[in-house]
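Data file: entry_0.tsv. Format and content: TSV, C-alpha atoms.
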```tsv
chain	number	residue	atom	x	y	z
G	1319	MET	CA	-26.61	1.44	38.58
G	1320	ASP	CA	-23.96	-0.75	36.98
G	1321	THR	CA	-25.39	-1.84	33.64
G	1322	PHE	CA	-23.67	-3.06	30.52
G	1323	THR	CA	-24.38	-2.36	26.92
G	1324	ILE	CA	-23.80	-4.33	23.75
G	1325	ALA	CA	-24.59	-2.78	20.37
G	1326	GLY	CA	-26.70	-0.10	22.04
G	1327	LYS	CA	-28.78	-2.53	24.10
G	1328	THR	CA	-28.42	-2.24	27.86
G	1329	PHE	CA	-28.66	-5.17	30.24
G	1330	SER	CA	-29.02	-5.00	33.99
G	1331	SER	CA	-27.38	-8.38	34.60
G	1332	ARG	CA	-23.88	-9.30	33.48
G	1333	LEU	CA	-24.74	-12.98	33.63
G	1334	ILE	CA	-25.96	-14.71	30.46
G	1335	VAL	CA	-27.38	-18.21	30.87
G	1336	GLY	CA	-28.22	-21.11	28.60
G	1337	THR	CA	-31.25	-23.33	28.16
G	1338	GLY	CA	-29.58	-26.71	27.53
G	1339	LYS	CA	-29.20	-29.84	29.62
G	1340	TYR	CA	-31.82	-29.07	32.29
G	1341	SER	CA	-33.51	-32.05	33.92
G	1342	SER	CA	-36.91	-30.50	33.19
G	1343	PRO	CA	-38.35	-27.25	31.82
G	1344	PRO	CA	-39.72	-26.13	35.23
G	1345	VAL	CA	-36.24	-26.45	36.76
G	1346	MET	CA	-34.89	-24.34	33.92
G	1347	VAL	CA	-37.54	-21.68	34.49
G	1348	ARG	CA	-36.73	-21.47	38.20
G	1349	ALA	CA	-32.99	-21.40	37.52
G	1350	HIS	CA	-33.43	-18.57	35.03
G	1351	GLU	CA	-35.37	-16.59	37.62
G	1352	ALA	CA	-32.78	-17.26	40.32
G	1353	SER	CA	-29.92	-16.25	38.01
G	1354	GLY	CA	-31.28	-12.74	37.53
G	1355	ALA	CA	-30.10	-12.93	33.92
G	1356	ASP	CA	-31.91	-10.98	31.25
G	1357	MET	CA	-30.27	-12.57	28.23
G	1358	ILE	CA	-30.50	-16.30	27.53
G	1359	THR	CA	-29.03	-18.47	24.80
G	1360	VAL	CA	-30.91	-20.97	22.66
G	1361	ALA	CA	-29.91	-23.38	19.91
G	1362	VAL	CA	-31.41	-23.64	16.41
G	1363	ARG	CA	-32.44	-27.16	15.38
G	1364	ARG	CA	-34.80	-28.96	13.03
G	1365	VAL	CA	-38.33	-29.15	14.44
G	1366	ASN	CA	-39.36	-32.43	15.93
G	1367	LEU	CA	-42.15	-33.54	13.63
G	1368	ASP	CA	-43.50	-36.27	15.90
G	1369	ARG	CA	-44.36	-33.64	18.57
G	1370	THR	CA	-42.87	-35.67	21.40
G	1371	THR	CA	-41.05	-32.66	22.80
G	1372	GLU	CA	-42.56	-29.42	23.92
G	1373	SER	CA	-41.52	-26.12	22.44
G	1374	LEU	CA	-38.76	-24.37	24.36
G	1375	LEU	CA	-40.53	-21.06	23.84
G	1376	ASP	CA	-43.44	-22.33	25.97
G	1377	TYR	CA	-41.06	-21.89	28.89
G	1378	ILE	CA	-39.42	-18.59	28.08
G	1379	ASP	CA	-41.10	-15.27	28.68
G	1380	THR	CA	-39.73	-13.39	25.71
G	1381	SER	CA	-41.05	-10.11	27.07
G	1382	LYS	CA	-38.69	-10.56	30.02
G	1383	TYR	CA	-35.70	-12.32	28.50
G	1384	PHE	CA	-33.67	-11.30	25.49
G	1385	ILE	CA	-33.00	-14.29	23.22
G	1386	LEU	CA	-29.51	-14.98	21.92
G	1387	PRO	CA	-29.63	-17.76	19.30
G	1388	ASN	CA	-26.41	-19.70	18.88
G	1389	THR	CA	-24.78	-21.65	16.07
G	1390	ALA	CA	-23.58	-24.47	18.30
G	1391	GLY	CA	-22.63	-27.63	16.48
G	1392	CYS	CA	-21.59	-25.85	13.27
G	1393	TYR	CA	-18.20	-26.87	11.90
G	1394	THR	CA	-17.93	-24.55	8.89
G	1395	ALA	CA	-18.51	-20.85	8.31
G	1396	ASP	CA	-21.26	-21.70	5.81
G	1397	GLU	CA	-23.16	-23.88	8.30
G	1398	ALA	CA	-22.89	-21.20	10.95
G	1399	ILE	CA	-24.04	-18.45	8.58
G	1400	ARG	CA	-26.99	-20.57	7.45
G	1401	THR	CA	-27.96	-21.35	11.05
G	1402	ALA	CA	-27.64	-17.70	12.08
G	1403	ARG	CA	-29.91	-16.61	9.24
G	1404	LEU	CA	-32.52	-19.19	10.24
G	1405	GLY	CA	-32.27	-18.14	13.87
G	1406	ARG	CA	-32.90	-14.55	12.89
G	1407	GLU	CA	-36.03	-15.47	10.91
G	1408	VAL	CA	-37.62	-17.06	13.95
G	1409	GLY	CA	-38.13	-13.40	14.60
G	1410	LEU	CA	-36.97	-12.74	18.14
G	1411	SER	CA	-33.45	-11.48	17.65
G	1412	ASN	CA	-30.92	-10.41	15.05
G	1413	TRP	CA	-28.18	-11.26	17.50
G	1414	VAL	CA	-26.11	-14.40	17.25
G	1415	LYS	CA	-23.76	-16.20	19.56
G	1416	LEU	CA	-21.50	-17.31	16.76
G	1417	GLU	CA	-19.81	-20.66	17.17
G	1418	VAL	CA	-17.73	-22.37	14.52
G	1419	ILE	CA	-16.28	-25.45	16.10
G	1420	GLY	CA	-12.95	-26.85	14.93
G	1421	ASP	CA	-12.69	-30.08	16.84
G	1422	GLU	CA	-15.17	-32.55	18.29
G	1423	LYS	CA	-13.25	-33.52	21.38
G	1424	THR	CA	-12.33	-30.09	22.68
G	1425	LEU	CA	-15.05	-28.05	20.93
G	1426	PHE	CA	-12.39	-25.41	20.47
G	1427	PRO	CA	-13.30	-22.74	17.90
G	1428	ASP	CA	-12.00	-22.72	14.35
G	1429	ASN	CA	-10.92	-19.13	14.53
G	1430	GLU	CA	-10.23	-18.70	10.82
G	1431	ALA	CA	-13.76	-19.83	9.90
G	1432	LEU	CA	-15.15	-17.84	12.82
G	1433	LEU	CA	-13.54	-14.70	11.46
G	1434	ASP	CA	-15.01	-15.32	7.99
G	1435	ALA	CA	-18.49	-15.91	9.39
G	1436	THR	CA	-18.25	-12.85	11.64
G	1437	ARG	CA	-17.39	-10.66	8.66
G	1438	VAL	CA	-20.32	-11.95	6.57
G	1439	LEU	CA	-22.92	-11.76	9.33
G	1440	ALA	CA	-21.84	-8.33	10.59
G	1441	LYS	CA	-22.25	-7.03	7.03
G	1442	GLU	CA	-25.76	-8.52	6.96
G	1443	GLY	CA	-26.70	-6.50	10.02
G	1444	PHE	CA	-26.36	-9.16	12.67
G	1445	VAL	CA	-25.12	-8.30	16.13
G	1446	VAL	CA	-22.36	-10.88	16.23
G	1447	LEU	CA	-21.00	-12.25	19.51
G	1448	PRO	CA	-18.31	-14.76	18.53
G	1449	TYR	CA	-17.26	-17.56	20.86
G	1450	THR	CA	-13.49	-17.51	20.48
G	1451	ASN	CA	-10.18	-18.75	21.80
G	1452	ASP	CA	-8.69	-16.88	24.73
G	1453	ASP	CA	-6.34	-15.17	22.30
G	1454	PRO	CA	-6.04	-11.38	22.39
G	1455	ILE	CA	-5.02	-11.20	18.73
G	1456	ALA	CA	-7.92	-13.35	17.60
G	1457	CYS	CA	-10.26	-11.14	19.62
G	1458	ARG	CA	-8.85	-8.01	18.04
G	1459	LYS	CA	-9.34	-9.47	14.55
G	1460	LEU	CA	-12.94	-10.41	15.37
G	1461	GLU	CA	-13.56	-6.90	16.60
G	1462	ASP	CA	-12.12	-5.49	13.38
G	1463	ALA	CA	-14.39	-7.89	11.44
G	1464	GLY	CA	-17.44	-6.33	13.09
G	1465	ALA	CA	-18.04	-8.32	16.28
G	1466	ALA	CA	-20.22	-6.42	18.76
G	1467	ALA	CA	-18.53	-8.20	21.65
G	1468	VAL	CA	-15.94	-10.94	21.98
G	1469	MET	CA	-16.54	-14.10	23.97
G	1470	PRO	CA	-13.27	-15.81	24.87
G	1471	LEU	CA	-13.51	-19.24	26.47
G	1472	GLY	CA	-12.34	-19.76	30.03
G	1473	ALA	CA	-11.90	-23.49	29.38
G	1474	PRO	CA	-13.49	-26.04	27.02
G	1475	ILE	CA	-17.29	-25.98	26.79
G	1476	GLY	CA	-18.91	-27.96	29.57
G	1477	SER	CA	-15.56	-28.80	31.20
G	1478	GLY	CA	-16.07	-26.85	34.40
G	1479	LEU	CA	-12.31	-26.33	34.63
G	1480	GLY	CA	-12.52	-22.62	35.38
G	1481	ILE	CA	-10.43	-19.92	33.78
G	1482	GLN	CA	-7.29	-21.58	32.52
G	1483	ASN	CA	-5.48	-18.56	31.20
G	1484	VAL	CA	-6.12	-15.74	33.60
G	1485	ASN	CA	-3.55	-13.48	32.08
G	1486	ASN	CA	-4.96	-13.75	28.57
G	1487	ILE	CA	-8.43	-12.77	29.75
G	1488	ARG	CA	-6.88	-9.74	31.42
G	1489	ILE	CA	-4.99	-8.80	28.24
G	1490	ILE	CA	-8.08	-9.34	26.06
G	1491	ARG	CA	-9.97	-6.91	28.30
G	1492	GLU	CA	-7.13	-4.42	28.07
G	1493	PHE	CA	-7.01	-4.63	24.24
G	1494	ALA	CA	-10.71	-4.80	23.43
G	1495	ARG	CA	-12.86	-1.82	22.57
G	1496	VAL	CA	-16.01	-3.94	22.71
G	1497	PRO	CA	-17.47	-5.85	25.67
G	1498	VAL	CA	-15.65	-9.02	26.70
G	1499	ILE	CA	-17.81	-11.92	27.85
G	1500	VAL	CA	-16.13	-15.00	29.25
G	1501	ASP	CA	-18.01	-17.87	27.65
G	1502	ALA	CA	-17.54	-21.51	28.61
G	1503	GLY	CA	-15.48	-23.31	31.20
G	1504	VAL	CA	-17.06	-21.98	34.37
G	1505	GLY	CA	-17.49	-24.74	36.95
G	1506	THR	CA	-18.52	-22.95	40.09
G	1507	ALA	CA	-19.22	-19.52	41.51
G	1508	SER	CA	-15.59	-18.57	42.19
G	1509	ASP	CA	-14.79	-19.07	38.48
G	1510	ALA	CA	-17.46	-16.53	37.56
G	1511	ALA	CA	-16.25	-14.13	40.24
G	1512	LEU	CA	-12.68	-14.45	38.94
G	1513	ALA	CA	-13.79	-13.68	35.38
G	1514	MET	CA	-15.43	-10.51	36.60
G	1515	GLU	CA	-12.47	-9.56	38.82
G	1516	LEU	CA	-10.26	-9.79	35.74
G	1517	GLY	CA	-12.40	-7.10	34.18
G	1518	ALA	CA	-14.72	-9.15	31.98
G	1519	ASP	CA	-17.92	-7.29	31.15
G	1520	GLY	CA	-20.01	-10.43	31.50
G	1521	VAL	CA	-20.03	-14.19	31.85
G	1522	LEU	CA	-22.00	-16.73	29.83
G	1523	MET	CA	-22.64	-20.21	31.17
G	1524	ASN	CA	-24.92	-23.20	30.76
G	1525	THR	CA	-23.58	-26.48	32.13
G	1526	ALA	CA	-22.29	-25.01	35.41
G	1527	ILE	CA	-25.90	-24.23	36.35
G	1528	ALA	CA	-27.88	-26.88	34.47
G	1529	GLY	CA	-25.53	-29.67	35.53
G	1530	ALA	CA	-25.29	-28.70	39.22
G	1531	GLN	CA	-27.02	-30.97	41.72
G	1532	ASP	CA	-29.27	-28.04	42.58
G	1533	PRO	CA	-29.43	-25.86	39.48
G	1534	VAL	CA	-31.67	-23.23	41.09
G	1535	ALA	CA	-29.29	-22.72	44.02
G	1536	MET	CA	-26.30	-22.64	41.67
G	1537	ALA	CA	-28.03	-20.06	39.50
G	1538	GLU	CA	-28.38	-17.81	42.52
G	1539	ALA	CA	-24.75	-18.46	43.47
G	1540	MET	CA	-23.70	-17.38	39.98
G	1541	LYS	CA	-25.78	-14.22	40.18
G	1542	LEU	CA	-24.07	-13.27	43.46
G	1543	ALA	CA	-20.62	-14.28	42.17
G	1544	VAL	CA	-20.90	-12.17	39.03
G	1545	ARG	CA	-22.08	-9.24	41.12
G	1546	ALA	CA	-19.34	-9.76	43.74
G	1547	GLY	CA	-16.63	-10.10	41.11
G	1548	ARG	CA	-17.82	-6.99	39.33
G	1549	LEU	CA	-17.87	-4.95	42.56
G	1550	ALA	CA	-14.40	-6.18	43.47
G	1551	PHE	CA	-13.12	-5.21	40.05
G	1552	LEU	CA	-14.61	-1.72	40.35
G	1553	ALA	CA	-13.40	-1.37	43.95
G	1554	GLY	CA	-9.78	-2.08	42.94
G	1555	ARG	CA	-7.98	-4.82	44.80
G	1556	ILE	CA	-4.86	-4.32	46.92
G	1557	PRO	CA	-1.52	-5.22	45.38
G	1558	ARG	CA	-0.13	-8.68	46.14
G	1559	LYS	CA	2.83	-8.64	48.52
G	1560	MET	CA	5.28	-11.34	49.47
G	1561	TYR	CA	5.21	-10.79	53.24
G	1562	ALA	CA	2.80	-9.83	56.00
G	1563	ASN	CA	1.72	-6.29	56.74
G	1564	ALA	CA	0.03	-5.96	60.14
G	1565	SER	CA	-3.51	-4.66	60.25
G	1566	SER	CA	-3.40	-3.76	63.96
G	1567	PRO	CA	-1.15	-0.98	65.37
G	1568	VAL	CA	2.42	-2.02	66.13
G	1569	GLU	CA	2.62	0.66	68.86
G	1570	GLY	CA	1.18	0.44	72.39
G	1571	LEU	CA	1.45	-3.25	72.92
G	1572	VAL	CA	0.94	-4.40	76.54
G	1573	GLY	CA	4.14	-5.13	78.47
G	1574	ARG	CA	6.63	-3.65	75.98
S	1033	MET	CA	-38.01	-32.14	4.45
S	1034	ASN	CA	-35.52	-31.86	7.32
S	1035	GLY	CA	-33.36	-34.41	5.55
S	1036	ASP	CA	-36.06	-37.03	5.02
S	1037	PRO	CA	-38.38	-37.70	2.08
S	1038	TYR	CA	-41.87	-36.28	2.53
S	1039	GLU	CA	-44.70	-36.97	0.12
S	1040	ILE	CA	-47.30	-34.46	-0.86
S	1041	ALA	CA	-50.20	-35.26	-3.16
S	1042	ALA	CA	-50.21	-31.88	-4.86
S	1043	PRO	CA	-48.09	-28.72	-4.74
S	1044	LEU	CA	-48.71	-26.59	-1.66
S	1045	THR	CA	-47.36	-23.47	-0.06
S	1046	VAL	CA	-45.04	-23.32	2.94
S	1047	ALA	CA	-47.92	-21.91	5.00
S	1048	GLU	CA	-50.09	-24.87	4.01
S	1049	LEU	CA	-47.34	-27.33	4.83
S	1050	LEU	CA	-46.89	-25.86	8.31
S	1051	GLN	CA	-50.63	-26.00	8.83
S	1052	ARG	CA	-50.71	-29.63	7.80
S	1053	LEU	CA	-47.87	-30.39	10.24
S	1054	GLU	CA	-49.64	-28.42	12.99
S	1055	ILE	CA	-46.63	-26.18	13.39
S	1056	ASP	CA	-47.09	-22.64	14.70
S	1057	ALA	CA	-45.53	-20.51	11.96
S	1058	ARG	CA	-44.63	-17.80	14.49
S	1059	ARG	CA	-42.15	-20.11	16.23
S	1060	VAL	CA	-40.20	-21.52	13.33
S	1061	ALA	CA	-37.97	-20.48	10.48
S	1062	VAL	CA	-38.10	-22.14	7.08
S	1063	GLU	CA	-35.48	-22.61	4.42
S	1064	HIS	CA	-36.64	-23.42	0.88
S	1065	ASN	CA	-33.93	-24.78	-1.44
S	1066	LEU	CA	-31.27	-23.17	0.76
S	1067	VAL	CA	-33.01	-19.78	0.80
S	1068	VAL	CA	-34.17	-18.62	4.22
S	1069	LEU	CA	-37.73	-17.34	3.89
S	1070	LYS	CA	-39.21	-14.26	5.49
S	1071	ARG	CA	-42.33	-15.20	7.40
S	1072	ASP	CA	-44.57	-13.11	5.15
S	1073	ALA	CA	-43.37	-15.21	2.19
S	1074	PHE	CA	-44.78	-18.46	3.63
S	1075	ASP	CA	-48.13	-17.81	1.93
S	1076	ARG	CA	-46.71	-17.28	-1.51
S	1077	THR	CA	-43.87	-19.81	-1.56
S	1078	ALA	CA	-44.97	-22.91	-3.42
S	1079	ILE	CA	-43.33	-26.24	-2.71
S	1080	GLY	CA	-42.92	-28.60	-5.64
S	1081	ASP	CA	-41.46	-31.97	-6.45
S	1082	GLY	CA	-37.84	-32.36	-5.38
S	1083	ASP	CA	-37.68	-29.17	-3.32
S	1084	GLU	CA	-35.67	-29.16	-0.14
S	1085	ILE	CA	-37.27	-27.78	2.99
S	1086	GLU	CA	-35.75	-27.17	6.39
S	1087	ILE	CA	-37.98	-26.20	9.30
S	1088	VAL	CA	-36.18	-25.16	12.46
S	1089	ASN	CA	-37.06	-23.88	15.89
S	1090	PHE	CA	-35.32	-22.96	19.12
S	1091	VAL	CA	-34.25	-25.73	21.47
S	1092	GLY	CA	-32.23	-25.75	24.65
S	1093	GLY	CA	-28.59	-24.84	24.22
S	1094	GLY	CA	-25.76	-22.83	25.70
```
For this file, write the structure as structure tokens.
Amino acid sequence: MDTFTIAGKTFSSRLIVGTGKYSSPPVMVRAHEASGADMITVAVRRVNLDRTTESLLDYIDTSKYFILPNTAGCYTADEAIRTARLGREVGLSNWVKLEVIGDEKTLFPDNEALLDATRVLAKEGFVVLPYTNDDPIACRKLEDAGAAAVMPLGAPIGSGLGIQNVNNIRIIREFARVPVIVDAGVGTASDAALAMELGADGVLMNTAIAGAQDPVAMAEAMKLAVRAGRLAFLAGRIPRKMYANASSPVEGLVGR
Amino acid sequence: MNGDPYEIAAPLTVAELLQRLEIDARRVAVEHNLVVLKRDAFDRTAIGDGDEIEIVNFVGGG
């Protein structure tokens, strides 16, 4: 069976899904089931003291899903470190999807701050999965700083643009000694399949599923796409050629 | 508390505060004056005048 392992923990699915932006909790639950994912991301925020919202954990079977808290919305290393520490004390995971955002409009990572935060948190025993630029050198530095996996973006968060720099993802995979998870930018199933065909070890997405007209159907599409892309990668594609190469015999044609 | 003033009549512990707010301690993390608390410290961490408290939980995100 084709499994993948991060920091000694093995997952059966290479698809990691989020919990944000769903129209309702029941839709999220059904989408999670349809996705086949066994790791899901959550955000860390102040509790709502007026009790108008239900607890997310009412809708997540933590015996079935592994929880990956994120530091989304953090703009400095200190904020991200603080958020990661709080996320760990909720008590479900010492893993963190580390985000240090550098710009509001693009939500691109501040890689310098990300590197600092990765170093600090890895030393504190966190399993750090940094969300990073699609830059092979940045990924290598994060790995050296103690990242358990690297998570290059395919395109800006929530953009649905697909993988913008195919070659960089390929090079990141070639350079990295830790798992590579394409995080952000996926718009539809073919984007996820492409990420996997490029050799990514996994794909993380939220908006592509939660924002689809039918999130449950899209979740299933993503499950199949990740699986298909992975199989195609392992199978080894044919080389690209400029001209045709007949599939049927050129001998024995009628009337020649 | 969580960025807003919160009045308490007398000093109380973090565990007592959570109880008063009807918050399940098993689902939150608490920071007391910028120090993240272990859950088993909720009982023995006293909150006094001017202290800063952050109470967080998991919400939907990607």
Nearest-residue call for chain S, choices G:Asp1453, G:Glu1430, G:Glu1569, G:Asp1368, using all atoms listed in the file: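 Closest residue, counting all atoms listed in the file: G:Asp1368.
One finds CA of Asp1376 (chain G) at 19.8 Å from CA of Pro1533 (chain G).
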Neighbour list for region 1468-1475 of chain G as a PyMOL selection string, cut-off 8 Å, only C-alpha atoms, skip fewer than 4 positions in-chain: chain G and resi 1424-1426+1447-1453+1457+1460-1461+1479-1483+1487+1496-1504
Those selected residues, please, written with C-alpha atoms and delivered as a PDB file, in the frame of the given file.
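Written output follows (selection17.pdb):
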```
ATOM      1  CA  THR G1424     -12.330 -30.090  22.680  1.00  0.00           C
ATOM      2  CA  LEU G1425     -15.050 -28.050  20.930  1.00  0.00           C
ATOM      3  CA  PHE G1426     -12.390 -25.410  20.470  1.00  0.00           C
ATOM      4  CA  LEU G1447     -21.000 -12.250  19.510  1.00  0.00           C
ATOM      5  CA  PRO G1448     -18.310 -14.760  18.530  1.00  0.00           C
ATOM      6  CA  TYR G1449     -17.260 -17.560  20.860  1.00  0.00           C
ATOM      7  CA  THR G1450     -13.490 -17.510  20.480  1.00  0.00           C
ATOM      8  CA  ASN G1451     -10.180 -18.750  21.800  1.00  0.00           C
ATOM      9  CA  ASP G1452      -8.690 -16.880  24.730  1.00  0.00           C
ATOM     10  CA  ASP G1453      -6.340 -15.170  22.300  1.00  0.00           C
ATOM     11  CA  CYS G1457     -10.260 -11.140  19.620  1.00  0.00           C
ATOM     12  CA  LEU G1460     -12.940 -10.410  15.370  1.00  0.00           C
ATOM     13  CA  GLU G1461     -13.560  -6.900  16.600  1.00  0.00           C
ATOM     14  CA  LEU G1479     -12.310 -26.330  34.630  1.00  0.00           C
ATOM     15  CA  GLY G1480     -12.520 -22.620  35.380  1.00  0.00           C
ATOM     16  CA  ILE G1481     -10.430 -19.920  33.780  1.00  0.00           C
ATOM     17  CA  GLN G1482      -7.290 -21.580  32.520  1.00  0.00           C
ATOM     18  CA  ASN G1483      -5.480 -18.560  31.200  1.00  0.00           C
ATOM     19  CA  ILE G1487      -8.430 -12.770  29.750  1.00  0.00           C
ATOM     20  CA  VAL G1496     -16.010  -3.940  22.710  1.00  0.00           C
ATOM     21  CA  PRO G1497     -17.470  -5.850  25.670  1.00  0.00           C
ATOM     22  CA  VAL G1498     -15.650  -9.020  26.700  1.00  0.00           C
ATOM     23  CA  ILE G1499     -17.810 -11.920  27.850  1.00  0.00           C
ATOM     24  CA  VAL G1500     -16.130 -15.000  29.250  1.00  0.00           C
ATOM     25  CA  ASP G1501     -18.010 -17.870  27.650  1.00  0.00           C
ATOM     26  CA  ALA G1502     -17.540 -21.510  28.610  1.00  0.00           C
ATOM     27  CA  GLY G1503     -15.480 -23.310  31.200  1.00  0.00           C
ATOM     28  CA  VAL G1504     -17.060 -21.980  34.370  1.00  0.00           C
TER      29      VAL G1504
END
```
Residues within 12 Å of (-46.7, -26.5, 8.3), counting all atoms listed in the file, listed as an MDAnalysis selection string: (chainID G and resid 1365 1367) or (chainID S and resid 1033 1044:1062 1074:1075 1079 1085:1088)
Check: which chain G residues lie within 8 Å of chain S using all atoms listed in the file, as a list in words: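 Those within range of chain S come out as Val1335, Gly1336, Thr1337, Gly1338, Lys1339, Thr1359, Val1360, Ala1361, Val1362, Arg1363, Arg1364, Val1365, Leu1367, Ser1373, Leu1374, Leu1375, Pro1387, Asn1388, Ala1390, Arg1403, Leu1404, Gly1405, Glu1407, Val1408, Gly1409, Met1523, Asn1524 and Thr1525 of chain G.
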Within-8 Å shell of (-25.9, -13.3, 18.3) in input frame, all atoms listed in the file, as a ChimeraX atom specification: /G:1386-1388,1402,1411-1416,1444-1448
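By chain and then residue number, the residues within 7 Å of region 1535-1545 of chain G are Arg1332, Leu1333, Ala1349, Ala1352, Ser1353, Gly1354, Ala1507, Ser1508, Ala1510, Ala1511, Met1514, Ile1527, Ala1530, Asp1532, Arg1548 and Leu1549 of chain G, counting only C-alpha atoms and disregarding those fewer than 3 positions away in sequence.
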Between CA of Ala1431 (chain G) and CA of Thr1394 (chain G) - distance in Å to one decimal: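 Interatomic distance here is 6.4 Å.
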Polymer residues at most 8 Å from Pro1043 (chain S), only C-alpha atoms, same-chain spacing of 2 or more positions, as a ChimeraX atom specification: /S:1040-1041,1045,1078-1081
Length of the CA of Tyr1393 (chain G) to CA of Val1418 (chain G) vector [Å]: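 Distance between the two atoms: 5.2 Å.
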Which of G:Val1345, G:Ala1325, G:Val1534, G:Leu1552 sits closest to Ala1440 (chain G) [using all atoms listed in the file]: G:Ala1325
Could you write out as AutoDock Vina command-line options the box around region 1474-1483 of chain G (axis-aligned, all atoms listed in the file, 3 Å on each side), with centre and edge lengths in Å to one decimal?
```
--center_x -12.2 --center_y -23.7 --center_z 31.1 --size_x 19.4 --size_y 16.2 --size_z 14.6
```
